Each structure stands twice: as structure tokens, then as C-alpha cells.
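Participant: This structure is in C-alpha cells; I'll ask about it shortly.
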Amino acid sequence: MAKIRVSGVIPAPVERVWEYIRDFNGLPKWFPGVTDSHIEAGPLVNEAGCVRNFGLEEGPRIREQLIELSDENRTCNYKMIESPLPIKNYVATVQLTANGKETTIEISSQFDVLPAHEKEMVGMLTETYQGAFDLLKKHFAKK
């Protein structure tokens, strides 16, 4: 099982950053390569069990299901249920922590992948998570 843990610092208070990213359907605002997103029929956005269906710039779609969203802990846990990537059993957590007037954001994930694809998938996902942090930094630097 591959595991990734990436963190960054966003130049804004944790309350503002959480307000901006807590919408489970809001990936296009802050995640690189995401073109659109919608919540499928079933539980409402931000309710455990809801499924987001989002598109990528290259055209494929990914479906992820919310496991838990906690405003108290500023965490979001979700799992990937359909993807063009050569991975299985992907589970991830986004967590925000107050760091004075800034926010520490961490994305951790784990997934099964064949050894032949592990280095590529870990590198690509690590780069994507870092790209998300860069987009958040850019957004909050304007404020």
C-alpha cells in the first residue's frame, strides 16, 4: 500500500481557508486540473455518503465519496470510487490546522497500486497536492 503525506502553509487564518475549501463540491476552485464538479443524486453536498463527480482537463472523470466532514476538526475524509488512474482503495484526508495568522494544510492518502506504477502515482499525486496548495496560496495572497 502506497502512502503520501504532503503539507503546506497558506497565508490566511484557518477559518477563512476552511470556509473556502469545506464545500465537497468545490474542487474546481482550488484543485489543479479539475474542470467541473457536481454532486450525484443521493445525500446532499457535505453529507456523509454524497458522491462528487468531477472532470479533469484531459477529459476523464473521477468519482469520490465523502466519508466524513468535520467543521470542528476542519477535516474532510473521502474515498475514490471510480478513476482512470491505475490505483485502488484510495482514501484521503484533508486537514487544516491553525498556525497563528496562517493555516497549515495537510493532505494524506493511501492506496493500492501495482509496484510498476507506484513511483509514478506517488509522484503525480504528490505534485497535484502541492499544486492545490499553490493555488490556495495564490488565492489568499490576493485578499
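Letters A, B, ... mark the chains of the C-alpha cells in the order given; residue numbers begin at 1 per chain; ligand numbers begin at 1, in order shown.
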May I have the residues within 10 Å of region 91-102 of chain A as a ChimeraX atom specification, using only C-alpha atoms and disregarding those fewer than 4 positions away in the same chain?
Facilitator: /A:3-18,21-22,64-70,73-81,106-112
Participant: Could the residues of region 77-136 of chain A that have an atom at most 7 Å from region 27-40 of chain A be listed as a Markdown table, each with its closest atom pair and the distance in Å to one decimal, counting only C-alpha atoms and ordered by chain and ascending residue number?
Facilitator:
| residue | atom | partner | partner_atom | distance |
| --- | --- | --- | --- | --- |
| A:Thr128 | CA | A:Pro32 | CA | 6.6 |
| A:Gly131 | CA | A:Pro32 | CA | 6.1 |
| A:Ala132 | CA | A:Phe31 | CA | 4.7 |
| A:Leu135 | CA | A:Trp30 | CA | 5.8 |
| A:Leu136 | CA | A:Trp30 | CA | 6.1 |
Participant: In Å, rounded to a single decimal, give me how far CA of His139 (chain A) is from CA of Val45 (chain A).
Facilitator: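 Value for the CA of Val45 (chain A)-CA of His139 (chain A) distance: 23.0 Å.
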Participant: Restricting the calculation to only C-alpha atoms, which member of A:Ile87, A:Ile62, A:Lys138, A:Glu127 is positioned closest to Pro115 (chain A)?
Facilitator: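 Distance minimum relative to Pro115 (chain A) lands on A:Ile87.
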Participant: Using only C-alpha atoms, which protein or nucleic acid residues come within 9 Å of Pro86 (chain A)? Drop anything in the same chain fewer than 2 positions from it, and give the result as a tab-separated table (two decimals) with C-alpha atoms, in the first residue's frame.
Facilitator:
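Output (part36.tsv):
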chain	number	residue	atom	x	y	z
A	83	SER	CA	-10.99	6.70	-11.58
A	84	PRO	CA	-8.93	6.25	-14.74
A	88	LYS	CA	-7.47	1.02	-5.96
A	112	ASP	CA	-3.14	0.13	-3.56
A	113	VAL	CA	-1.07	0.23	-6.73
A	114	LEU	CA	0.98	-2.27	-8.67
A	117	HIS	CA	3.08	2.15	-11.21
A	121	MET	CA	1.39	7.53	-8.98
Participant: Env of Arg63 (chain A): 6 Å cut, atoms = only C-alpha atoms, seq-sep filter 2 positions within chain, self excluded. Answer as a count of residues only.
Facilitator: 4
Participant: When DSSP works through the backbone of this structure, what residues of region 98-138 of chain A end up as strand (DSSP E or B), shown as number ranges by chain?
Facilitator: A: 98-99, 102-113
Participant: Save the residues we just selected, N, CA, C and O atoms, as a compact mmCIF listing (two decimals), in the first residue's frame?
Facilitator:
# COMPACT_ATOMS: atom_id res chain seq x y z
N ALA A 98 -4.73 25.60 12.63
CA ALA A 98 -4.36 26.99 12.85
C ALA A 98 -2.87 27.07 13.15
O ALA A 98 -2.32 26.25 13.89
N ASN A 99 -2.23 28.08 12.56
CA ASN A 99 -0.80 28.30 12.73
C ASN A 99 -0.60 29.81 12.84
O ASN A 99 -0.13 30.45 11.91
N GLU A 102 -1.73 32.13 10.01
CA GLU A 102 -1.65 31.30 8.81
C GLU A 102 -2.34 29.96 9.09
O GLU A 102 -2.76 29.67 10.20
N THR A 103 -2.42 29.14 8.03
CA THR A 103 -3.04 27.84 8.13
C THR A 103 -2.09 26.78 7.58
O THR A 103 -1.53 26.95 6.50
N THR A 104 -1.93 25.71 8.34
CA THR A 104 -1.21 24.55 7.82
C THR A 104 -2.26 23.61 7.23
O THR A 104 -3.25 23.27 7.88
N ILE A 105 -2.05 23.23 5.99
CA ILE A 105 -2.94 22.27 5.32
C ILE A 105 -2.14 21.00 5.05
O ILE A 105 -0.97 21.07 4.68
N GLU A 106 -2.80 19.87 5.28
CA GLU A 106 -2.15 18.59 5.03
C GLU A 106 -3.12 17.70 4.26
O GLU A 106 -4.30 17.63 4.60
N ILE A 107 -2.62 17.07 3.23
CA ILE A 107 -3.37 16.03 2.53
C ILE A 107 -2.59 14.74 2.68
O ILE A 107 -1.41 14.68 2.36
N SER A 108 -3.27 13.74 3.21
CA SER A 108 -2.66 12.42 3.31
C SER A 108 -3.55 11.44 2.58
O SER A 108 -4.78 11.58 2.58
N SER A 109 -2.93 10.47 1.93
CA SER A 109 -3.71 9.47 1.22
C SER A 109 -2.97 8.14 1.26
O SER A 109 -1.76 8.08 1.48
N GLN A 110 -3.75 7.10 1.04
CA GLN A 110 -3.18 5.77 0.89
C GLN A 110 -4.00 5.03 -0.15
O GLN A 110 -5.19 5.29 -0.32
N PHE A 111 -3.33 4.14 -0.87
CA PHE A 111 -3.99 3.43 -1.95
C PHE A 111 -3.16 2.22 -2.35
O PHE A 111 -1.97 2.15 -2.07
N ASP A 112 -3.82 1.30 -3.00
CA ASP A 112 -3.14 0.13 -3.56
C ASP A 112 -2.77 0.43 -5.00
O ASP A 112 -3.55 1.02 -5.74
N VAL A 113 -1.56 0.01 -5.37
CA VAL A 113 -1.07 0.23 -6.73
C VAL A 113 -0.05 -0.86 -7.04
O VAL A 113 0.68 -1.31 -6.15
Participant: Any idea what the distance is between CA of Phe133 (chain A) and CA of Asn25 (chain A)?
Facilitator: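 Taking CA of Phe133 (chain A) as the start and CA of Asn25 (chain A) as the end point, the length is 17.4 Å.
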Participant: Smallest atom-to-atom distance to Leu85 (chain A): which of A:Glu118, A:Asp23, A:Glu72, A:Glu57, using only C-alpha atoms?
Facilitator: A:Glu118
Participant: Which of region 5-129 of chain A end up as helix (DSSP H, G or I) when DSSP is run on this backbone - answer as a list of chain:residue names?
Facilitator: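 Everything in region 5-129 of chain A that counts as helix (DSSP H, G or I) is A:Val14, A:Glu15, A:Arg16, A:Val17, A:Trp18, A:Glu19, A:Tyr20, A:Ile21, A:Leu27, A:Pro28, A:Lys29, A:Trp30, A:Pro115, A:Ala116, A:His117, A:Glu118, A:Lys119, A:Glu120, A:Met121, A:Val122, A:Gly123, A:Met124, A:Leu125, A:Thr126, A:Glu127, A:Thr128, A:Tyr129.
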